[in-house]
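Source file: my_file_9.tsv. Holds: TSV, C-alpha atoms and all ligand atoms.
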chain	number	residue	atom	x	y	z
A	820	MET	CA	-50.19	-2.69	49.55
A	821	THR	CA	-53.86	-3.48	50.03
A	822	ASP	CA	-56.68	-1.70	48.22
A	823	LEU	CA	-59.47	-0.71	50.61
A	824	TYR	CA	-61.93	-1.77	47.89
A	825	ARG	CA	-60.74	-5.35	48.46
A	826	LEU	CA	-62.10	-5.50	52.00
A	827	LEU	CA	-65.48	-6.85	53.02
A	828	PRO	CA	-67.22	-4.55	55.54
A	829	GLU	CA	-66.49	-7.05	58.34
A	830	GLU	CA	-62.81	-6.98	57.39
A	831	MET	CA	-62.82	-3.18	57.36
A	832	GLU	CA	-64.26	-3.23	60.86
A	833	GLN	CA	-61.58	-5.66	62.06
A	834	LEU	CA	-58.92	-3.47	60.48
A	835	VAL	CA	-59.91	-0.29	62.31
A	836	ILE	CA	-60.34	-2.19	65.59
A	837	ASP	CA	-56.89	-3.78	65.19
A	838	MET	CA	-55.51	-0.27	64.65
A	839	GLY	CA	-57.06	0.80	67.97
A	840	TYR	CA	-60.05	2.75	66.63
A	841	PRO	CA	-63.73	2.31	67.44
A	842	ARG	CA	-65.85	0.09	65.20
A	843	TYR	CA	-67.90	2.97	63.72
A	844	ARG	CA	-64.83	4.34	61.97
A	845	ALA	CA	-65.25	1.47	59.47
A	846	ASP	CA	-68.53	2.95	58.24
A	847	GLN	CA	-66.84	6.33	57.90
A	848	ILE	CA	-64.59	4.65	55.34
A	849	LEU	CA	-67.22	2.41	53.70
A	850	LEU	CA	-69.86	5.10	53.13
A	851	PRO	CA	-67.62	7.44	51.12
A	852	LEU	CA	-65.99	4.48	49.29
A	853	TYR	CA	-69.34	3.36	47.89
A	854	TYR	CA	-71.17	6.69	47.60
A	855	LYS	CA	-68.53	9.36	46.97
A	856	PHE	CA	-65.83	7.37	45.18
A	857	PRO	CA	-62.66	8.97	46.62
A	858	LYS	CA	-59.42	8.31	44.77
A	859	ASP	CA	-57.14	8.74	47.76
A	860	ILE	CA	-57.38	8.08	51.49
A	861	ASN	CA	-56.94	11.82	52.07
A	862	ASP	CA	-60.12	12.40	50.04
A	863	ILE	CA	-62.08	11.15	53.09
A	864	PRO	CA	-61.89	14.29	55.24
A	865	GLN	CA	-64.35	13.06	57.89
A	866	LEU	CA	-61.77	10.43	58.87
A	867	PRO	CA	-59.36	11.57	61.62
A	868	LYS	CA	-56.04	12.61	60.13
A	869	LYS	CA	-54.25	10.11	62.38
A	870	LEU	CA	-56.32	7.20	61.03
A	871	ARG	CA	-55.64	8.30	57.46
A	872	GLU	CA	-51.94	8.36	58.27
A	873	ASP	CA	-52.06	4.98	60.01
A	874	LEU	CA	-53.84	3.41	57.05
A	875	THR	CA	-51.34	4.86	54.60
A	876	LYS	CA	-48.38	3.75	56.73
A	877	ALA	CA	-49.80	0.24	56.96
A	878	GLY	CA	-49.85	0.10	53.15
A	879	TYR	CA	-53.56	0.70	52.45
A	880	THR	CA	-54.53	2.54	49.28
A	881	ILE	CA	-57.63	3.36	47.28
A	882	GLY	CA	-57.35	1.99	43.77
A	883	SER	CA	-59.29	3.36	40.85
A	884	ALA	CA	-59.58	2.60	37.18
A	885	LYS	CA	-58.46	5.12	34.58
A	886	GLU	CA	-60.42	5.59	31.39
A	887	ILE	CA	-58.24	5.30	28.31
A	888	HIS	CA	-60.80	4.90	25.57
A	889	ARG	CA	-64.55	5.43	25.28
A	890	VAL	CA	-66.98	4.49	22.55
A	891	VAL	CA	-70.68	5.28	22.66
A	892	SER	CA	-73.27	3.70	20.38
A	893	ASP	CA	-75.25	5.94	18.01
A	894	ASP	CA	-78.37	5.72	20.19
A	895	GLY	CA	-76.29	6.61	23.27
A	896	ASP	CA	-77.47	3.55	25.17
A	897	THR	CA	-74.25	1.55	25.14
A	898	THR	CA	-70.96	2.90	26.47
A	899	LYS	CA	-67.92	0.74	26.16
A	900	LEU	CA	-64.80	1.69	28.05
A	901	LEU	CA	-61.26	0.52	27.96
A	902	LEU	CA	-60.09	1.06	31.52
A	903	ASN	CA	-56.63	0.84	32.94
A	904	LEU	CA	-56.83	-1.13	36.17
A	905	PRO	CA	-54.87	0.30	39.12
A	906	ASP	CA	-51.85	-1.79	38.00
A	907	GLY	CA	-52.09	-0.39	34.45
A	908	THR	CA	-53.65	-3.42	32.75
A	909	PRO	CA	-56.25	-2.45	30.13
A	910	VAL	CA	-59.65	-4.09	30.55
A	911	GLU	CA	-63.07	-3.74	28.95
A	912	THR	CA	-66.18	-2.70	30.84
A	913	VAL	CA	-69.53	-1.89	29.26
A	914	LEU	CA	-72.63	0.04	30.33
A	915	ILE	CA	-75.89	-0.88	28.64
A	916	GLN	CA	-78.91	1.31	29.34
A	917	TYR	CA	-82.53	0.57	28.61
A	918	PRO	CA	-84.36	3.91	28.56
A	919	SER	CA	-87.72	2.18	28.03
A	920	SER	CA	-87.28	0.04	31.13
A	921	LYS	CA	-87.41	2.34	34.13
A	922	ILE	CA	-86.61	1.37	37.70
A	923	ASN	CA	-87.84	3.99	40.21
A	924	GLY	CA	-87.83	6.52	37.38
A	925	HIS	CA	-84.27	5.73	36.27
A	926	PRO	CA	-83.28	3.76	33.18
A	927	ARG	CA	-82.15	0.21	33.81
A	928	SER	CA	-78.37	0.53	33.75
A	929	THR	CA	-76.46	-2.70	33.46
A	930	ILE	CA	-72.71	-2.90	33.91
A	931	CYS	CA	-70.92	-5.76	32.20
A	932	VAL	CA	-67.65	-6.53	34.02
A	933	SER	CA	-64.59	-8.53	33.06
A	934	THR	CA	-63.14	-11.17	35.38
A	935	GLN	CA	-60.00	-12.14	33.47
A	936	ILE	CA	-57.59	-10.65	30.98
A	937	GLY	CA	-58.04	-13.00	28.05
A	938	CYS	CA	-59.59	-16.42	28.60
A	939	ALA	CA	-58.26	-19.97	28.52
A	940	MET	CA	-61.48	-21.48	27.18
A	941	GLY	CA	-60.67	-20.59	23.57
A	942	CYS	CA	-64.20	-20.37	22.19
A	943	VAL	CA	-63.69	-20.02	18.46
A	944	PHE	CA	-66.22	-17.20	17.97
A	945	CYS	CA	-65.06	-15.07	20.90
A	946	ALA	CA	-62.45	-12.30	20.61
A	947	THR	CA	-61.40	-12.80	24.25
A	948	GLY	CA	-61.00	-16.54	23.73
A	949	GLN	CA	-58.79	-15.92	20.74
A	950	MET	CA	-56.46	-13.73	22.85
A	951	GLY	CA	-55.54	-16.65	25.07
A	952	PHE	CA	-55.29	-16.36	28.84
A	953	GLU	CA	-53.23	-13.55	30.34
A	954	LYS	CA	-54.24	-13.24	33.99
A	955	ASN	CA	-56.98	-13.19	36.58
A	956	ILE	CA	-58.55	-9.91	37.63
A	957	LYS	CA	-58.61	-9.33	41.40
A	958	ALA	CA	-61.80	-8.67	43.37
A	959	GLU	CA	-60.91	-5.00	43.91
A	960	GLU	CA	-60.27	-4.63	40.18
A	961	ILE	CA	-63.74	-6.00	39.44
A	962	VAL	CA	-65.13	-3.55	42.01
A	963	ALA	CA	-63.11	-0.73	40.38
A	964	GLN	CA	-64.87	-1.35	37.05
A	965	VAL	CA	-68.27	-0.96	38.72
A	966	ILE	CA	-67.22	2.07	40.76
A	967	HIS	CA	-65.94	3.83	37.63
A	968	PHE	CA	-69.36	3.59	35.97
A	969	ALA	CA	-71.20	4.28	39.24
A	970	ASN	CA	-69.35	7.58	39.37
A	971	ILE	CA	-70.26	8.44	35.76
A	972	LEU	CA	-73.91	7.54	36.38
A	973	GLN	CA	-74.07	9.45	39.66
A	974	GLN	CA	-73.09	12.64	37.84
A	975	ARG	CA	-76.12	12.13	35.59
A	976	GLY	CA	-78.43	11.49	38.56
A	977	GLU	CA	-78.61	7.80	37.65
A	978	HIS	CA	-77.21	4.66	39.20
A	979	VAL	CA	-76.12	1.08	38.53
A	980	THR	CA	-79.22	-1.14	38.63
A	981	ASN	CA	-77.84	-4.43	37.30
A	982	LEU	CA	-74.55	-6.21	37.01
A	983	VAL	CA	-73.59	-9.00	34.62
A	984	PHE	CA	-70.37	-11.00	34.65
A	985	MET	CA	-70.26	-11.24	30.87
A	986	GLY	CA	-67.18	-9.26	29.95
A	987	MET	CA	-63.76	-10.69	29.24
A	988	GLY	CA	-62.96	-14.02	30.87
A	989	GLU	CA	-64.59	-16.99	32.55
A	990	PRO	CA	-65.87	-16.03	36.04
A	991	MET	CA	-65.78	-19.62	37.36
A	992	ALA	CA	-62.09	-19.89	36.43
A	993	ASN	CA	-61.42	-16.99	38.81
A	994	TYR	CA	-63.92	-18.16	41.39
A	995	ASP	CA	-62.57	-16.82	44.69
A	996	GLU	CA	-61.93	-13.28	43.43
A	997	MET	CA	-65.23	-13.23	41.54
A	998	ILE	CA	-67.20	-14.26	44.62
A	999	ARG	CA	-65.35	-11.78	46.87
A	1000	ALA	CA	-66.34	-9.02	44.43
A	1001	VAL	CA	-69.96	-10.23	44.47
A	1002	ARG	CA	-70.00	-10.17	48.29
A	1003	ILE	CA	-68.55	-6.65	48.45
A	1004	LEU	CA	-70.85	-5.33	45.74
A	1005	THR	CA	-74.01	-6.85	47.28
A	1006	HIS	CA	-73.19	-6.11	50.93
A	1007	ASN	CA	-75.61	-3.60	52.42
A	1008	ARG	CA	-72.65	-1.77	53.95
A	1009	GLY	CA	-70.69	-2.10	50.70
A	1010	PHE	CA	-71.98	-1.14	47.25
A	1011	GLY	CA	-75.39	-2.58	48.14
A	1012	ILE	CA	-76.67	-3.83	44.79
A	1013	GLY	CA	-79.36	-6.53	45.09
A	1014	GLN	CA	-78.18	-10.12	44.66
A	1015	ARG	CA	-81.09	-10.68	42.30
A	1016	ASN	CA	-79.79	-7.92	40.05
A	1017	ILE	CA	-76.58	-9.83	39.36
A	1018	THR	CA	-76.04	-12.50	36.69
A	1019	ILE	CA	-72.97	-14.66	36.46
A	1020	SER	CA	-72.34	-16.14	33.05
A	1021	THR	CA	-70.28	-19.31	32.64
A	1022	ILE	CA	-69.20	-21.49	29.77
A	1023	GLY	CA	-70.38	-24.40	31.93
A	1024	ILE	CA	-67.72	-25.17	34.51
A	1025	ILE	CA	-69.69	-27.63	36.61
A	1026	SER	CA	-67.60	-27.47	39.78
A	1027	GLY	CA	-68.09	-23.67	39.78
A	1028	ILE	CA	-71.86	-23.93	39.24
A	1029	ASP	CA	-72.18	-26.37	42.14
A	1030	LYS	CA	-70.03	-24.21	44.38
A	1031	LEU	CA	-72.04	-21.09	43.53
A	1032	ALA	CA	-75.25	-22.94	44.42
A	1033	GLU	CA	-73.87	-23.43	47.94
A	1034	GLU	CA	-72.98	-19.76	48.52
A	1035	ASN	CA	-76.40	-18.84	49.83
A	1036	LEU	CA	-76.62	-16.05	47.28
A	1037	GLN	CA	-79.61	-15.16	45.14
A	1038	VAL	CA	-77.60	-14.34	42.04
A	1039	GLY	CA	-78.77	-15.35	38.58
A	1040	LEU	CA	-76.86	-17.92	36.56
A	1041	ALA	CA	-76.42	-17.92	32.80
A	1042	ILE	CA	-74.86	-20.91	31.07
A	1043	SER	CA	-73.41	-20.43	27.60
A	1044	LEU	CA	-74.54	-23.56	25.78
A	1045	HIS	CA	-74.32	-22.70	22.05
A	1046	ALA	CA	-75.04	-26.27	20.89
A	1047	PRO	CA	-77.44	-29.09	21.78
A	1048	ASN	CA	-74.89	-31.90	21.40
A	1049	ASN	CA	-71.30	-32.57	22.39
A	1050	GLU	CA	-69.94	-32.99	18.89
A	1051	LEU	CA	-70.98	-29.53	17.75
A	1052	ARG	CA	-70.26	-27.93	21.12
A	1053	LYS	CA	-66.65	-29.16	21.11
A	1054	LYS	CA	-66.09	-27.45	17.78
A	1055	LEU	CA	-67.24	-24.13	19.24
A	1056	VAL	CA	-65.88	-24.54	22.77
A	1057	PRO	CA	-62.73	-26.61	22.24
A	1058	THR	CA	-61.96	-26.91	25.95
A	1059	ALA	CA	-65.48	-28.13	26.84
A	1060	GLY	CA	-63.74	-31.44	27.56
A	1061	PRO	CA	-65.28	-33.44	30.38
A	1062	ASN	CA	-68.27	-31.13	30.80
A	1063	SER	CA	-70.85	-32.70	28.51
A	1064	VAL	CA	-74.02	-30.93	27.42
A	1065	GLU	CA	-76.09	-33.32	29.57
A	1066	ASP	CA	-73.89	-32.77	32.63
A	1067	ILE	CA	-74.08	-29.00	32.21
A	1068	ILE	CA	-77.87	-29.05	31.97
A	1069	GLU	CA	-78.02	-31.28	35.04
A	1070	ALA	CA	-75.80	-28.78	36.92
A	1071	GLY	CA	-78.23	-26.02	35.87
A	1072	ARG	CA	-81.08	-28.09	37.29
A	1073	ARG	CA	-79.24	-28.51	40.59
A	1074	TYR	CA	-78.62	-24.75	40.72
A	1075	TYR	CA	-82.33	-24.06	40.23
A	1076	LYS	CA	-83.31	-26.63	42.86
A	1077	LYS	CA	-80.91	-25.24	45.41
A	1078	THR	CA	-81.43	-21.50	44.83
A	1079	GLY	CA	-84.89	-21.24	43.29
A	1080	ARG	CA	-83.36	-19.03	40.58
A	1081	ARG	CA	-84.16	-20.03	37.02
A	1082	VAL	CA	-81.14	-20.62	34.81
A	1083	THR	CA	-80.72	-18.88	31.47
A	1084	PHE	CA	-79.03	-20.73	28.64
A	1085	GLU	CA	-77.20	-18.47	26.28
A	1086	TYR	CA	-77.00	-19.52	22.68
A	1087	ALA	CA	-74.91	-17.52	20.21
A	1088	LEU	CA	-76.48	-18.08	16.81
A	1089	MET	CA	-73.97	-18.56	13.98
A	1090	LYS	CA	-75.08	-18.77	10.38
A	1091	GLY	CA	-74.78	-22.26	8.95
A	1092	ILE	CA	-73.16	-23.60	12.13
A	1093	ASN	CA	-75.77	-23.95	14.87
A	1094	ASP	CA	-78.86	-22.20	13.48
A	1095	SER	CA	-80.72	-24.86	11.49
A	1096	PRO	CA	-84.32	-25.93	12.25
A	1097	GLU	CA	-83.01	-29.45	12.99
A	1098	ILE	CA	-80.64	-28.11	15.63
A	1099	ALA	CA	-83.40	-25.93	17.07
A	1100	THR	CA	-85.56	-29.05	17.40
A	1101	GLU	CA	-82.73	-30.94	19.09
A	1102	LEU	CA	-82.27	-28.05	21.53
A	1103	ALA	CA	-86.00	-27.89	22.20
A	1104	ILE	CA	-86.11	-31.60	23.05
A	1105	LEU	CA	-83.09	-31.21	25.33
A	1106	LEU	CA	-84.50	-28.29	27.31
A	1107	LYS	CA	-88.23	-29.07	27.25
A	1108	GLY	CA	-89.90	-29.13	30.64
A	1109	ASN	CA	-86.77	-27.82	32.28
A	1110	GLY	CA	-88.25	-24.49	33.35
A	1111	SER	CA	-85.19	-22.83	31.89
A	1112	HIS	CA	-84.94	-19.81	29.66
A	1113	VAL	CA	-83.03	-19.56	26.39
A	1114	ASN	CA	-81.39	-16.33	25.32
A	1115	LEU	CA	-80.62	-16.35	21.61
A	1116	ILE	CA	-77.77	-14.02	20.68
A	1117	PRO	CA	-77.22	-13.49	16.96
A	1118	ILE	CA	-73.41	-13.52	16.83
A	1119	ASN	CA	-71.36	-10.37	16.72
A	1120	PRO	CA	-68.88	-11.15	13.97
A	1121	THR	CA	-65.49	-10.87	15.70
A	1122	ALA	CA	-63.09	-13.75	15.82
A	1123	GLY	CA	-62.98	-16.31	13.02
A	1124	ASN	CA	-65.28	-16.50	10.11
A	1125	PHE	CA	-68.70	-16.43	11.73
A	1126	ASN	CA	-71.75	-14.59	10.52
A	1127	ARG	CA	-75.14	-13.66	11.84
A	1128	PRO	CA	-78.07	-15.70	10.61
A	1129	THR	CA	-80.78	-13.83	8.73
A	1130	GLN	CA	-83.66	-12.38	10.74
A	1131	ASP	CA	-85.94	-15.06	9.23
A	1132	ASN	CA	-83.61	-17.78	10.48
A	1133	VAL	CA	-83.50	-16.28	13.95
A	1134	ASN	CA	-87.31	-16.02	14.03
A	1135	GLU	CA	-87.69	-19.62	12.88
A	1136	PHE	CA	-85.23	-20.85	15.53
A	1137	GLU	CA	-87.12	-18.94	18.19
A	1138	ARG	CA	-90.48	-20.25	16.97
A	1139	ILE	CA	-89.36	-23.89	17.18
A	1140	LEU	CA	-88.24	-23.42	20.78
A	1141	SER	CA	-91.37	-21.50	21.77
A	1142	ASP	CA	-93.68	-24.05	20.11
A	1143	ALA	CA	-92.02	-26.76	22.18
A	1144	GLY	CA	-92.76	-24.74	25.31
A	1145	VAL	CA	-89.20	-23.61	25.85
A	1146	ASN	CA	-89.16	-20.07	27.18
A	1147	CYS	CA	-87.04	-18.04	24.77
A	1148	THR	CA	-85.99	-14.49	23.92
A	1149	VAL	CA	-83.73	-12.97	21.31
A	1150	ARG	CA	-81.24	-10.65	22.94
A	1151	ILE	CA	-81.45	-7.29	21.32
A	1152	GLU	CA	-77.81	-6.81	20.45
A	1153	LYS	CA	-76.88	-3.32	21.40
A	1154	GLY	CA	-73.77	-1.61	20.25
A	1155	ILE	CA	-72.70	-3.87	17.41
A	1156	GLU	CA	-71.26	-0.83	15.65
A	1157	ILE	CA	-69.02	-0.12	18.61
A	1158	SER	CA	-67.63	-3.65	18.83
A	1159	ALA	CA	-69.59	-4.44	21.98
A	1160	ALA	CA	-68.87	-8.17	21.87
A	1161	CYS	CA	-66.58	-9.18	24.64
A	1162	GLY	CA	-62.88	-8.76	24.02
A	1163	GLN	CA	-63.36	-6.85	20.80
A	1164	LEU	CA	-62.48	-3.36	21.94
A	1165	ARG	CA	-59.28	-4.36	23.69
A	1166	THR	CA	-58.28	-6.33	20.61
A	1167	ASP	CA	-59.00	-3.28	18.40
A	1168	ILE	CA	-57.10	-0.84	20.62
A	1169	VAL	CA	-54.35	-2.78	22.35
A	1170	GLY	CA	-53.88	-5.60	19.89
B	1	LIG	N1	-66.99	-16.71	29.86
B	1	LIG	C1	-68.35	-16.51	30.17
B	1	LIG	C2	-68.73	-15.05	30.32
B	1	LIG	C3	-68.15	-14.09	29.33
B	1	LIG	S1	-68.71	-14.26	27.67
B	1	LIG	C4	-69.23	-17.20	29.16
B	1	LIG	O1	-68.73	-17.63	28.13
B	1	LIG	O2	-70.41	-17.34	29.45
B	1	LIG	C5	-70.35	-13.62	27.81
B	1	LIG	C6	-71.27	-14.03	26.67
B	1	LIG	O3	-70.86	-13.43	25.45
B	1	LIG	C7	-71.28	-15.54	26.45
B	1	LIG	O4	-72.59	-16.04	26.36
B	1	LIG	C8	-70.56	-15.65	25.11
B	1	LIG	O5	-70.94	-16.79	24.43
B	1	LIG	C9	-70.97	-14.40	24.42
B	1	LIG	N2	-70.12	-14.05	23.27
B	1	LIG	C10	-68.78	-14.20	23.13
B	1	LIG	N3	-68.37	-13.81	21.91
B	1	LIG	C11	-69.49	-13.40	21.27
B	1	LIG	C12	-69.74	-12.89	19.95
B	1	LIG	N4	-68.75	-12.71	19.09
B	1	LIG	N5	-71.00	-12.59	19.64
B	1	LIG	C13	-72.02	-12.76	20.51
B	1	LIG	N6	-71.86	-13.24	21.75
B	1	LIG	C14	-70.61	-13.57	22.12
B	2	LIG	FE1	-63.99	-17.34	27.51
B	2	LIG	FE2	-66.64	-16.90	27.56
B	2	LIG	FE3	-65.13	-16.05	25.48
B	2	LIG	FE4	-65.57	-18.66	25.80
B	2	LIG	S1	-67.12	-17.08	25.37
B	2	LIG	S2	-63.59	-17.72	25.35
B	2	LIG	S3	-65.55	-18.83	28.02
B	2	LIG	S4	-64.99	-15.35	27.58
Have the structure of the file written as structure tokens, please.
Ligand code: SAH
Ligand code: SF4
Amino acid sequence: MTDLYRLLPEEMEQLVIDMGYPRYRADQILLPLYYKFPKDINDIPQLPKKLREDLTKAGYTIGSAKEIHRVVSDDGDTTKLLLNLPDGTPVETVLIQYPSSKINGHPRSTICVSTQIGCAMGCVFCATGQMGFEKNIKAEEIVAQVIHFANILQQRGEHVTNLVFMGMGEPMANYDEMIRAVRILTHNRGFGIGQRNITISTIGIISGIDKLAEENLQVGLAISLHAPNNELRKKLVPTAGPNSVEDIIEAGRRYYKKTGRRVTFEYALMKGINDSPEIATELAILLKGNGSHVNLIPINPTAGNFNRPTQDNVNEFERILSDAGVNCTVRIEKGIEISAACGQLRTDIVG
């Protein structure tokens, strides 16, 4: 069985040609797949019946995710879904809307996708990390998460404007499937989202960062740093292992040089752990003159015994970075009351 959402447009073309049909039949499959969201091959009536039968006989299907739980934040801007993937595995996918930031008259609508069930990196503050690793999510299952929300948004006259790989799992640890999904989703005959509207977030797997730099893609890169030195970082990211803070920053520099895309460093602020003025100064010295951007994320208390710093602490941390000339923003945490931190919903619902 092969899900048609797994195929790149070129592969779809080869498939119909190999089946003895003209090339243009591929677009008659691709257009509905990415604009009408059929759930079955027979839901594409413009396709000749014989081709639909041939595809079905050859084991092709159209997979879709099934919603099993939905939580919406009080302001309505964040929607977190627990979706059953076509094989029945529950996964988290989140929509975050920014009504004040309009793109062509529509609110910025960012989908946060998962790339793995669980995660092997074991970050102590992360609900997904505390689950352990279960399995990789396939490209078509990543696409299914986006399509599910695209369908919801289409019914409201809106559409997906941005995509972040910040859900459950480590994208670089599922590199080939992650990149296949990116290629399908950005292809102008596929889903067609702009490469620049995609951000891939990694815990700092250097081989993955270097490989991504060579893909000739204009996607954004976010590196989850969380600490300015190896000693502290290893406490928070126990599997950081051979990837030292210096090496990770160097890999970010190479990515910027190769792609021209500025790298964002994510920094989850935890009270009494990595939020002191001394640590802010150390971080400022480390990143100064780098042209990079720091995203401070006051922690969502999930796994372990971690708390958010006070607003004053967050402001002070931000001020130290800004004064040193390090470009810095505090991520407005949306949806804390609906457990929007990665891995939290699945843990709450499935266990
Ligand atoms: N594995 C990748 C991408 C998924 S996690 C990575 O670690 O970058 C996406 C982001 O959510 C990361 O920056 C991660 O540090 C952050 N995150 C995880 N748990 C969190 C929590 N409890 N509160 C706030 N941010 C969290
Ligand atoms: Fe994995 Fe990212 Fe969570 Fe760390 S923060 S455990 S890398 S999902």
Contacts to ligand LIG 2 (chain B) at 8 Å cut-off (all atoms listed in the file) as number ranges by chain: A: 937-949, 985-989, 1020-1022, 1043, 1056, 1161-1162
With only C-alpha atoms as the basis for distance, which of A:Met820, A:Val891, A:Leu901, A:Val910 is at the shortest distance from Thr875 (chain A)? A:Met820
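Shortest atom-to-atom contact with ligand LIG 1 (chain B) among A:Thr1083, A:Asn1132, A:Asn1146, A:Asn1016: A:Thr1083, counting all atoms listed in the file.
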Selection near Lys869 (chain A), 12 Å with all atoms listed in the file, sequence-local residues under 6 positions removed, as a PyMOL selection string: chain A and resi 835+838-840+860-861+875-876
Output C-alpha atoms for every residue in that selection, as a compact mmCIF listing (two decimals), in the coordinates of the input.
# COMPACT_ATOMS: atom_id res chain seq x y z
CA VAL A 835 -59.91 -0.29 62.31
CA MET A 838 -55.51 -0.27 64.65
CA GLY A 839 -57.06 0.80 67.97
CA TYR A 840 -60.05 2.75 66.63
CA ILE A 860 -57.38 8.08 51.49
CA ASN A 861 -56.94 11.82 52.07
CA THR A 875 -51.34 4.86 54.60
CA LYS A 876 -48.38 3.75 56.73
Under the rule that all atoms listed in the file are counted, which of A:Ser1111, A:Gln964, A:Gln935, A:Gln1014 is the nearest residue to ligand LIG 1 (chain B)?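 Result for the nearest residue to ligand LIG 1 (chain B): A:Gln935.
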Please, what distance in Å, to one decimal, runs between CA of Pro918 (chain A) and CA of Leu850 (chain A)?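 One can read the CA of Pro918 (chain A) to CA of Leu850 (chain A) distance as 28.6 Å.
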For Ala1041 (chain A), list every protein, DNA or RNA residue within 10 Å, evaluated using all atoms listed in the file, and leave out those in the same chain fewer than 2 positions away; present the list as a CSV table (one decimal) with C-alpha atoms, in the frame of the given file.
chain,number,residue,atom,x,y,z
A,983,VAL,CA,-73.6,-9.0,34.6
A,984,PHE,CA,-70.4,-11.0,34.6
A,985,MET,CA,-70.3,-11.2,30.9
A,1018,THR,CA,-76.0,-12.5,36.7
A,1019,ILE,CA,-73.0,-14.7,36.5
A,1020,SER,CA,-72.3,-16.1,33.0
A,1021,THR,CA,-70.3,-19.3,32.6
A,1022,ILE,CA,-69.2,-21.5,29.8
A,1023,GLY,CA,-70.4,-24.4,31.9
A,1028,ILE,CA,-71.9,-23.9,39.2
A,1038,VAL,CA,-77.6,-14.3,42.0
A,1039,GLY,CA,-78.8,-15.4,38.6
A,1043,SER,CA,-73.4,-20.4,27.6
A,1044,LEU,CA,-74.5,-23.6,25.8
A,1071,GLY,CA,-78.2,-26.0,35.9
A,1081,ARG,CA,-84.2,-20.0,37.0
A,1082,VAL,CA,-81.1,-20.6,34.8
A,1083,THR,CA,-80.7,-18.9,31.5
A,1084,PHE,CA,-79.0,-20.7,28.6
A,1085,GLU,CA,-77.2,-18.5,26.3
A,1112,HIS,CA,-84.9,-19.8,29.7
A,1113,VAL,CA,-83.0,-19.6,26.4
A,1114,ASN,CA,-81.4,-16.3,25.3
Which residue out of A:Val1133, A:Met991, A:Ala1032, A:Leu972 has the minimum interatomic distance to ligand LIG 1 (chain B) when all atoms listed in the file are used?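 Ranking A:Val1133, A:Met991, A:Ala1032, A:Leu972 by distance to ligand LIG 1 (chain B), first place goes to A:Met991.
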All file atoms of region 1044-1053 of chain A boxed axis-aligned, 6 Å per side, centre plus edges, as lines of an AutoDock Vina configuration file:
center_x = -72.0
center_y = -27.8
center_z = 21.8
size_x = 22.8
size_y = 22.3
size_z = 20.0
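Note that atom N6 of ligand LIG 1 (chain B) and CA of Ile1068 (chain A) are 19.8 Å apart.
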Nearest-residue call for ligand LIG 1 (chain B), choices A:Asn981, A:Asn1126, A:Asn1007, A:Thr908, using all atoms listed in the file: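 Using all atoms listed in the file, ligand LIG 1 (chain B) sits closest to A:Asn1126.
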